[in-house]
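Q: Just one file: my_file00.csv, with CSV, N, CA and C atoms.
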chain,number,residue,atom,x,y,z
A,1,MET,N,-47.5,21.0,-31.2
A,1,MET,CA,-47.3,19.8,-30.3
A,1,MET,C,-46.9,18.6,-31.2
A,2,ARG,N,-46.1,17.8,-30.5
A,2,ARG,CA,-45.6,16.6,-31.2
A,2,ARG,C,-46.5,15.4,-30.9
A,3,PRO,N,-46.6,14.5,-31.8
A,3,PRO,CA,-47.5,13.3,-31.5
A,3,PRO,C,-46.8,12.4,-30.5
A,4,VAL,N,-47.5,11.6,-29.8
A,4,VAL,CA,-47.0,10.7,-28.8
A,4,VAL,C,-46.0,9.7,-29.3
A,5,ASP,N,-46.3,9.2,-30.5
A,5,ASP,CA,-45.4,8.2,-31.2
A,5,ASP,C,-44.0,8.8,-31.5
A,6,ALA,N,-43.9,10.0,-31.8
A,6,ALA,CA,-42.6,10.6,-32.1
A,6,ALA,C,-41.7,10.6,-30.8
A,7,ASP,N,-42.3,10.9,-29.7
A,7,ASP,CA,-41.5,10.9,-28.5
A,7,ASP,C,-41.0,9.5,-28.1
A,8,SER,N,-41.8,8.5,-28.3
A,8,SER,CA,-41.4,7.2,-27.9
A,8,SER,C,-40.4,6.7,-28.9
A,9,GLU,N,-40.4,7.0,-30.2
A,9,GLU,CA,-39.4,6.6,-31.1
A,9,GLU,C,-38.1,7.2,-30.8
A,10,GLU,N,-38.1,8.5,-30.4
A,10,GLU,CA,-36.8,9.2,-30.1
A,10,GLU,C,-36.1,8.6,-28.8
A,11,ARG,N,-36.9,8.3,-27.8
A,11,ARG,CA,-36.3,7.9,-26.6
A,11,ARG,C,-35.9,6.4,-26.5
A,12,ALA,N,-36.4,5.6,-27.4
A,12,ALA,CA,-36.1,4.2,-27.4
A,12,ALA,C,-34.6,3.9,-27.6
A,13,PRO,N,-33.9,4.6,-28.6
A,13,PRO,CA,-32.5,4.3,-28.7
A,13,PRO,C,-31.7,4.7,-27.5
A,14,GLU,N,-32.1,5.8,-26.9
A,14,GLU,CA,-31.3,6.3,-25.7
A,14,GLU,C,-31.4,5.3,-24.5
A,15,GLN,N,-32.6,4.8,-24.3
A,15,GLN,CA,-32.8,3.8,-23.3
A,15,GLN,C,-32.0,2.5,-23.6
A,16,ASP,N,-32.0,2.1,-24.8
A,16,ASP,CA,-31.3,0.9,-25.2
A,16,ASP,C,-29.8,1.1,-25.0
A,17,TRP,N,-29.2,2.3,-25.3
A,17,TRP,CA,-27.8,2.6,-25.1
A,17,TRP,C,-27.4,2.5,-23.6
A,18,GLU,N,-28.3,3.1,-22.7
A,18,GLU,CA,-28.1,3.1,-21.3
A,18,GLU,C,-28.1,1.7,-20.7
A,19,GLY,N,-28.9,0.9,-21.3
A,19,GLY,CA,-29.1,-0.5,-20.8
A,19,GLY,C,-27.9,-1.4,-21.0
A,20,ARG,N,-27.1,-1.1,-22.0
A,20,ARG,CA,-25.9,-2.0,-22.4
A,20,ARG,C,-24.6,-1.2,-22.3
A,21,PRO,N,-24.0,-1.2,-21.1
A,21,PRO,CA,-22.7,-0.5,-21.0
A,21,PRO,C,-21.6,-1.3,-21.8
A,22,SER,N,-20.6,-0.6,-22.2
A,22,SER,CA,-19.6,-1.3,-23.0
A,22,SER,C,-18.9,-2.3,-22.2
A,23,ALA,N,-18.2,-3.3,-22.8
A,23,ALA,CA,-17.5,-4.3,-22.1
A,23,ALA,C,-16.3,-3.7,-21.3
A,24,ALA,N,-15.7,-2.8,-22.0
A,24,ALA,CA,-14.5,-2.1,-21.3
A,24,ALA,C,-14.9,-1.4,-20.1
A,25,LEU,N,-16.1,-0.7,-20.1
A,25,LEU,CA,-16.6,0.0,-19.0
A,25,LEU,C,-16.9,-1.0,-17.8
A,26,ALA,N,-17.6,-2.0,-18.2
A,26,ALA,CA,-17.9,-3.1,-17.2
A,26,ALA,C,-16.6,-3.7,-16.5
A,27,ALA,N,-15.6,-3.9,-17.4
A,27,ALA,CA,-14.4,-4.5,-16.8
A,27,ALA,C,-13.7,-3.5,-15.9
A,28,ALA,N,-13.7,-2.2,-16.3
A,28,ALA,CA,-13.1,-1.2,-15.5
A,28,ALA,C,-13.8,-1.1,-14.1
A,29,ARG,N,-15.1,-1.2,-14.2
A,29,ARG,CA,-15.9,-1.1,-12.9
A,29,ARG,C,-15.6,-2.3,-12.0
A,30,ARG,N,-15.3,-3.4,-12.6
A,30,ARG,CA,-14.9,-4.6,-11.8
A,30,ARG,C,-13.5,-4.5,-11.3
A,31,ASP,N,-12.6,-3.8,-12.1
A,31,ASP,CA,-11.2,-3.7,-11.7
A,31,ASP,C,-11.0,-2.7,-10.6
A,32,VAL,N,-11.8,-1.6,-10.5
A,32,VAL,CA,-11.6,-0.6,-9.5
A,32,VAL,C,-11.7,-1.1,-8.1
A,33,PRO,N,-12.7,-1.9,-7.7
A,33,PRO,CA,-12.7,-2.4,-6.3
A,33,PRO,C,-11.6,-3.4,-6.1
A,34,ALA,N,-11.2,-4.1,-7.1
A,34,ALA,CA,-10.0,-5.1,-6.9
A,34,ALA,C,-8.8,-4.2,-6.6
A,35,LEU,N,-8.6,-3.2,-7.4
A,35,LEU,CA,-7.4,-2.3,-7.2
A,35,LEU,C,-7.4,-1.6,-5.9
A,36,GLU,N,-8.6,-1.2,-5.4
A,36,GLU,CA,-8.7,-0.6,-4.1
A,36,GLU,C,-8.4,-1.5,-3.0
A,37,ARG,N,-8.9,-2.8,-3.1
A,37,ARG,CA,-8.6,-3.8,-2.1
A,37,ARG,C,-7.1,-4.1,-2.1
A,38,ALA,N,-6.4,-4.2,-3.3
A,38,ALA,CA,-5.0,-4.4,-3.3
A,38,ALA,C,-4.2,-3.2,-2.7
A,39,HIS,N,-4.8,-2.0,-3.0
A,39,HIS,CA,-4.1,-0.8,-2.4
A,39,HIS,C,-4.2,-0.9,-0.9
A,40,VAL,N,-5.3,-1.2,-0.3
A,40,VAL,CA,-5.5,-1.3,1.1
A,40,VAL,C,-4.6,-2.4,1.7
A,41,ARG,N,-4.5,-3.5,1.1
A,41,ARG,CA,-3.6,-4.6,1.5
A,41,ARG,C,-2.2,-4.2,1.5
A,42,ALA,N,-1.8,-3.5,0.4
A,42,ALA,CA,-0.4,-3.1,0.3
A,42,ALA,C,-0.1,-2.0,1.4
A,43,HIS,N,-1.1,-1.1,1.6
A,43,HIS,CA,-0.9,-0.1,2.6
A,43,HIS,C,-0.7,-0.8,4.0
A,44,LEU,N,-1.5,-1.8,4.3
A,44,LEU,CA,-1.4,-2.4,5.6
A,44,LEU,C,-0.1,-3.2,5.7
A,45,ARG,N,0.4,-3.8,4.6
A,45,ARG,CA,1.6,-4.5,4.7
A,45,ARG,C,2.8,-3.5,4.9
A,46,ALA,N,2.7,-2.4,4.2
A,46,ALA,CA,3.7,-1.4,4.4
A,46,ALA,C,3.7,-0.8,5.8
A,47,ARG,N,2.5,-0.6,6.4
A,47,ARG,CA,2.4,-0.2,7.8
A,47,ARG,C,3.0,-1.1,8.7
A,48,ARG,N,2.8,-2.4,8.5
A,48,ARG,CA,3.4,-3.5,9.4
A,48,ARG,C,4.9,-3.4,9.3
A,49,LYS,N,5.4,-3.3,8.0
A,49,LYS,CA,6.8,-3.2,7.9
A,49,LYS,C,7.4,-2.0,8.6
A,50,LEU,N,6.7,-0.9,8.5
A,50,LEU,CA,7.2,0.3,9.2
A,50,LEU,C,7.2,0.1,10.7
A,51,LEU,N,6.2,-0.6,11.2
A,51,LEU,CA,6.2,-0.8,12.6
A,51,LEU,C,7.3,-1.8,13.0
A,52,GLU,N,7.6,-2.8,12.2
A,52,GLU,CA,8.7,-3.7,12.5
A,52,GLU,C,10.0,-2.9,12.5
A,53,VAL,N,10.2,-2.0,11.5
A,53,VAL,CA,11.4,-1.2,11.4
A,53,VAL,C,11.5,-0.3,12.7
A,54,GLU,N,10.4,0.3,13.1
A,54,GLU,CA,10.4,1.1,14.3
A,54,GLU,C,10.8,0.3,15.5
A,55,SER,N,10.2,-0.9,15.6
A,55,SER,CA,10.5,-1.8,16.7
A,55,SER,C,12.0,-2.2,16.7
A,56,LEU,N,12.5,-2.5,15.6
A,56,LEU,CA,13.9,-2.9,15.5
A,56,LEU,C,14.8,-1.7,15.8
A,57,LEU,N,14.4,-0.5,15.4
A,57,LEU,CA,15.2,0.7,15.7
A,57,LEU,C,15.2,1.0,17.2
A,58,GLU,N,14.1,0.8,17.9
A,58,GLU,CA,14.0,0.9,19.3
A,58,GLU,C,14.9,-0.1,20.0
A,59,GLU,N,14.8,-1.3,19.5
A,59,GLU,CA,15.7,-2.4,20.1
A,59,GLU,C,17.1,-2.0,19.9
A,60,LEU,N,17.4,-1.5,18.7
A,60,LEU,CA,18.8,-1.1,18.4
A,60,LEU,C,19.3,0.0,19.3
A,61,ARG,N,18.4,1.0,19.6
A,61,ARG,CA,18.7,2.1,20.5
A,61,ARG,C,19.0,1.6,21.9
A,62,SER,N,18.2,0.7,22.3
A,62,SER,CA,18.4,0.2,23.7
A,62,SER,C,19.7,-0.7,23.7
A,63,GLU,N,20.0,-1.4,22.7
A,63,GLU,CA,21.3,-2.1,22.6
A,63,GLU,C,22.5,-1.2,22.6
A,64,VAL,N,22.4,-0.1,21.9
A,64,VAL,CA,23.5,0.9,21.8
A,64,VAL,C,23.7,1.5,23.2
A,65,GLU,N,22.6,1.8,23.9
A,65,GLU,CA,22.7,2.4,25.2
A,65,GLU,C,23.4,1.4,26.2
A,66,ALA,N,22.9,0.1,26.1
A,66,ALA,CA,23.5,-0.9,26.9
A,66,ALA,C,25.0,-1.1,26.6
A,67,SER,N,25.3,-1.0,25.3
A,67,SER,CA,26.7,-1.1,24.9
A,67,SER,C,27.6,0.0,25.4
A,68,GLU,N,27.0,1.2,25.4
A,68,GLU,CA,27.7,2.4,25.9
A,68,GLU,C,28.0,2.2,27.4
A,69,GLN,N,26.9,1.8,28.1
A,69,GLN,CA,27.1,1.6,29.6
A,69,GLN,C,28.1,0.5,29.9
A,70,SER,N,28.1,-0.6,29.2
A,70,SER,CA,29.0,-1.7,29.4
A,70,SER,C,30.4,-1.3,29.0
A,71,ALA,N,30.6,-0.4,28.0
A,71,ALA,CA,31.9,0.0,27.6
A,71,ALA,C,32.5,0.9,28.7
A,72,LEU,N,31.7,1.6,29.5
A,72,LEU,CA,32.3,2.4,30.6
A,72,LEU,C,32.7,1.5,31.8
A,73,GLY,N,32.1,0.3,31.9
A,73,GLY,CA,32.4,-0.6,33.0
A,73,GLY,C,33.8,-1.3,32.8
A,74,PRO,N,34.2,-2.0,33.8
A,74,PRO,CA,35.6,-2.6,33.7
A,74,PRO,C,35.6,-3.8,32.8
A,75,ALA,N,34.6,-4.6,32.6
A,75,ALA,CA,34.6,-5.8,31.8
A,75,ALA,C,34.3,-5.4,30.3
A,76,ARG,N,35.2,-5.9,29.4
A,76,ARG,CA,35.0,-5.6,28.0
A,76,ARG,C,34.2,-6.7,27.2
A,77,GLY,N,34.1,-7.9,27.8
A,77,GLY,CA,33.4,-9.0,27.2
A,77,GLY,C,32.0,-8.8,26.8
A,78,PRO,N,31.2,-8.4,27.8
A,78,PRO,CA,29.7,-8.2,27.5
A,78,PRO,C,29.5,-7.0,26.4
A,79,GLY,N,30.4,-6.0,26.5
A,79,GLY,CA,30.3,-4.9,25.5
A,79,GLY,C,30.5,-5.4,24.1
A,80,ALA,N,31.4,-6.4,23.9
A,80,ALA,CA,31.7,-6.9,22.5
A,80,ALA,C,30.5,-7.7,22.1
A,81,GLU,N,29.9,-8.4,23.0
A,81,GLU,CA,28.7,-9.2,22.7
A,81,GLU,C,27.5,-8.3,22.3
A,82,ALA,N,27.4,-7.2,23.0
A,82,ALA,CA,26.3,-6.2,22.7
A,82,ALA,C,26.6,-5.6,21.4
A,83,GLU,N,27.8,-5.3,21.1
A,83,GLU,CA,28.2,-4.7,19.8
A,83,GLU,C,27.8,-5.6,18.7
A,84,ALA,N,28.1,-6.9,18.8
A,84,ALA,CA,27.7,-7.9,17.8
A,84,ALA,C,26.2,-7.9,17.6
A,85,ARG,N,25.5,-7.9,18.7
A,85,ARG,CA,24.0,-7.8,18.6
A,85,ARG,C,23.5,-6.6,17.9
A,86,VAL,N,24.2,-5.5,18.2
A,86,VAL,CA,23.8,-4.2,17.5
A,86,VAL,C,24.1,-4.3,16.0
A,87,MET,N,25.2,-4.9,15.6
A,87,MET,CA,25.5,-5.1,14.2
A,87,MET,C,24.4,-6.0,13.5
A,88,ARG,N,24.0,-7.0,14.2
A,88,ARG,CA,23.0,-7.9,13.6
A,88,ARG,C,21.7,-7.1,13.4
A,89,LEU,N,21.3,-6.3,14.4
A,89,LEU,CA,20.1,-5.6,14.4
A,89,LEU,C,20.2,-4.5,13.3
A,90,CYS,N,21.4,-3.9,13.1
A,90,CYS,CA,21.5,-2.9,12.0
A,90,CYS,C,21.3,-3.6,10.7
A,91,GLU,N,21.8,-4.8,10.5
A,91,GLU,CA,21.5,-5.5,9.2
A,91,GLU,C,20.0,-5.8,9.0
A,92,LYS,N,19.3,-6.2,10.1
A,92,LYS,CA,17.9,-6.4,10.0
A,92,LYS,C,17.2,-5.1,9.7
A,93,VAL,N,17.5,-4.0,10.3
A,93,VAL,CA,16.9,-2.8,10.0
A,93,VAL,C,17.1,-2.4,8.6
A,94,GLU,N,18.3,-2.5,8.1
A,94,GLU,CA,18.5,-2.2,6.7
A,94,GLU,C,17.7,-3.0,5.7
A,95,LYS,N,17.6,-4.3,6.0
A,95,LYS,CA,16.7,-5.2,5.2
A,95,LYS,C,15.2,-4.8,5.2
A,96,LYS,N,14.8,-4.5,6.4
A,96,LYS,CA,13.4,-4.1,6.6
A,96,LYS,C,13.1,-2.7,5.9
A,97,ALA,N,14.1,-1.8,6.0
A,97,ALA,CA,14.0,-0.5,5.3
A,97,ALA,C,13.8,-0.7,3.8
A,98,VAL,N,14.6,-1.6,3.3
A,98,VAL,CA,14.5,-1.9,1.8
A,98,VAL,C,13.2,-2.4,1.5
A,99,GLU,N,12.7,-3.4,2.3
A,99,GLU,CA,11.4,-4.0,2.1
A,99,GLU,C,10.3,-2.9,2.2
A,100,ALA,N,10.4,-2.0,3.1
A,100,ALA,CA,9.4,-0.9,3.3
A,100,ALA,C,9.4,0.0,2.1
A,101,ALA,N,10.6,0.3,1.6
A,101,ALA,CA,10.7,1.2,0.4
A,101,ALA,C,10.1,0.5,-0.8
A,102,LEU,N,10.3,-0.8,-1.0
A,102,LEU,CA,9.6,-1.5,-2.1
A,102,LEU,C,8.1,-1.5,-1.9
A,103,MET,N,7.6,-1.7,-0.7
A,103,MET,CA,6.2,-1.6,-0.4
A,103,MET,C,5.6,-0.2,-0.8
A,104,GLY,N,6.4,0.8,-0.4
A,104,GLY,CA,6.0,2.2,-0.7
A,104,GLY,C,5.8,2.4,-2.2
A,105,LYS,N,6.8,1.8,-3.0
A,105,LYS,CA,6.7,2.0,-4.4
A,105,LYS,C,5.5,1.2,-5.0
A,106,ARG,N,5.2,0.1,-4.4
A,106,ARG,CA,4.1,-0.7,-4.9
A,106,ARG,C,2.8,0.0,-4.6
A,107,ILE,N,2.7,0.7,-3.4
A,107,ILE,CA,1.5,1.5,-3.1
A,107,ILE,C,1.3,2.6,-4.1
A,108,VAL,N,2.4,3.3,-4.5
A,108,VAL,CA,2.3,4.3,-5.4
A,108,VAL,C,1.9,3.8,-6.8
A,109,GLU,N,2.4,2.6,-7.2
A,109,GLU,CA,1.9,2.0,-8.5
A,109,GLU,C,0.4,1.7,-8.4
A,110,LEU,N,0.0,1.1,-7.3
A,110,LEU,CA,-1.4,0.8,-7.2
A,110,LEU,C,-2.3,2.1,-7.2
A,111,HIS,N,-1.8,3.1,-6.5
A,111,HIS,CA,-2.5,4.4,-6.5
A,111,HIS,C,-2.7,4.9,-8.0
A,112,ARG,N,-1.6,4.9,-8.7
A,112,ARG,CA,-1.7,5.3,-10.1
A,112,ARG,C,-2.6,4.5,-10.9
A,113,GLN,N,-2.6,3.2,-10.7
A,113,GLN,CA,-3.6,2.3,-11.5
A,113,GLN,C,-5.0,2.7,-11.1
A,114,ILE,N,-5.3,2.9,-9.8
A,114,ILE,CA,-6.6,3.2,-9.4
A,114,ILE,C,-7.0,4.6,-10.0
A,115,ASP,N,-6.1,5.5,-10.0
A,115,ASP,CA,-6.5,6.9,-10.5
A,115,ASP,C,-6.7,6.8,-12.0
A,116,SER,N,-5.9,6.0,-12.7
A,116,SER,CA,-6.1,5.9,-14.2
A,116,SER,C,-7.3,5.1,-14.6
A,117,SER,N,-7.8,4.2,-13.7
A,117,SER,CA,-8.9,3.4,-14.1
A,117,SER,C,-10.3,3.9,-13.7
A,118,GLU,N,-10.3,5.0,-12.9
A,118,GLU,CA,-11.6,5.5,-12.5
A,118,GLU,C,-12.4,5.9,-13.7
A,119,CYS,N,-13.6,5.4,-13.8
A,119,CYS,CA,-14.4,5.7,-15.0
A,119,CYS,C,-15.4,6.8,-14.8
A,120,CYS,N,-15.8,7.1,-13.6
A,120,CYS,CA,-16.9,8.1,-13.5
A,120,CYS,C,-16.4,9.4,-13.0
Represent the structure from my file as structure tokens, please.

A:
Amino acid sequence: MRPVDADSEERAPEQDWEGRPSAALAAARRDVPALERAHVRAHLRARRKLLEVESLLEELRSEVEASEQSALGPARGPGAEAEARVMRLCEKVEKKAVEAALMGKRIVELHRQIDSSECC
């Protein structure tokens, strides 16, 4: 059997090590929740952008249908106006699609940062 004093001497350094985590580990633990929050915010922004793009595409579809119907009619004036609106909507959709792609890239970057910083 071992004396009681020998056990307490051996365990003291282990308890001391567990009590003081390294500064890098503490910083990583603080960074993980911040990265997760940034990831969620970026995901929500990307979702909103995608919904905007979807809404613009739906509006574009309805404009195209209206343009087709008016092109079949006798008057050409309203069809030209609808076509101009369609072109403007197409430009908006392209811009929103670029923004959504950038958001997607940012989400992937945040995901990689979160995955690389997980400590446990």

Q: So the first atom is atom N of Arg47 of chain A and the second is atom N of Glu99 of chain A; what is the distance between them in Å, to one decimal place?

A: 11.3 Å

Q: Just to confirm, what's the straight-line distance from atom CA of Ser67 of chain A to atom CA of Leu89 of chain A in Å (one decimal)?

A: 13.2 Å

Q: Would you write out, as a tab-separated table, a table of all residues in segment 86-114 of chain A that have an atom no more than 7 Å from an atom of segment 33-42 of chain A, listing for each the closest atom pair and the distance in Å to one decimal, considering only N, CA and C atoms and ordering rows by chain and rising residue number?

A:
residue	atom	partner	partner_atom	distance
A:Met103	C	A:Ala42	C	6.4
A:Arg106	C	A:Ala42	CA	6.6
A:Ile107	CA	A:Ala42	C	5.9
A:Leu110	CA	A:His39	CA	5.7
A:His111	N	A:His39	CA	6.1
A:Gln113	C	A:Leu35	CA	6.8
A:Ile114	CA	A:Leu35	CA	6.0

Q: Between A:Ser117, A:His43, A:Ala66, A:Glu54, which residue has the minimum interatomic distance to Gly104 of chain A, considering all atoms listed in the file?

A: A:His43

Q: Can you tell me which residues surround Glu52 of chain A at a distance of at most 8 Å, considering only N, CA and C atoms, apart from same-chain residues fewer than 5 positions away, and format the answer as number ranges by chain?

A: A: 46-47, 57-58, 93, 96-97

Q: Of the residues A:Leu60, A:Ser55, A:Ala26, A:Arg45, which is the one nearest to Met87 of chain A, using only N, CA and C atoms?

A: A:Leu60

Q: Could you check how far atom CA of Val86 of chain A sits from atom CA of Glu63 of chain A, in Å to one decimal?

A: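 Atom-to-atom, atom CA of Val86 of chain A and atom CA of Glu63 of chain A are spaced 6.1 Å apart.
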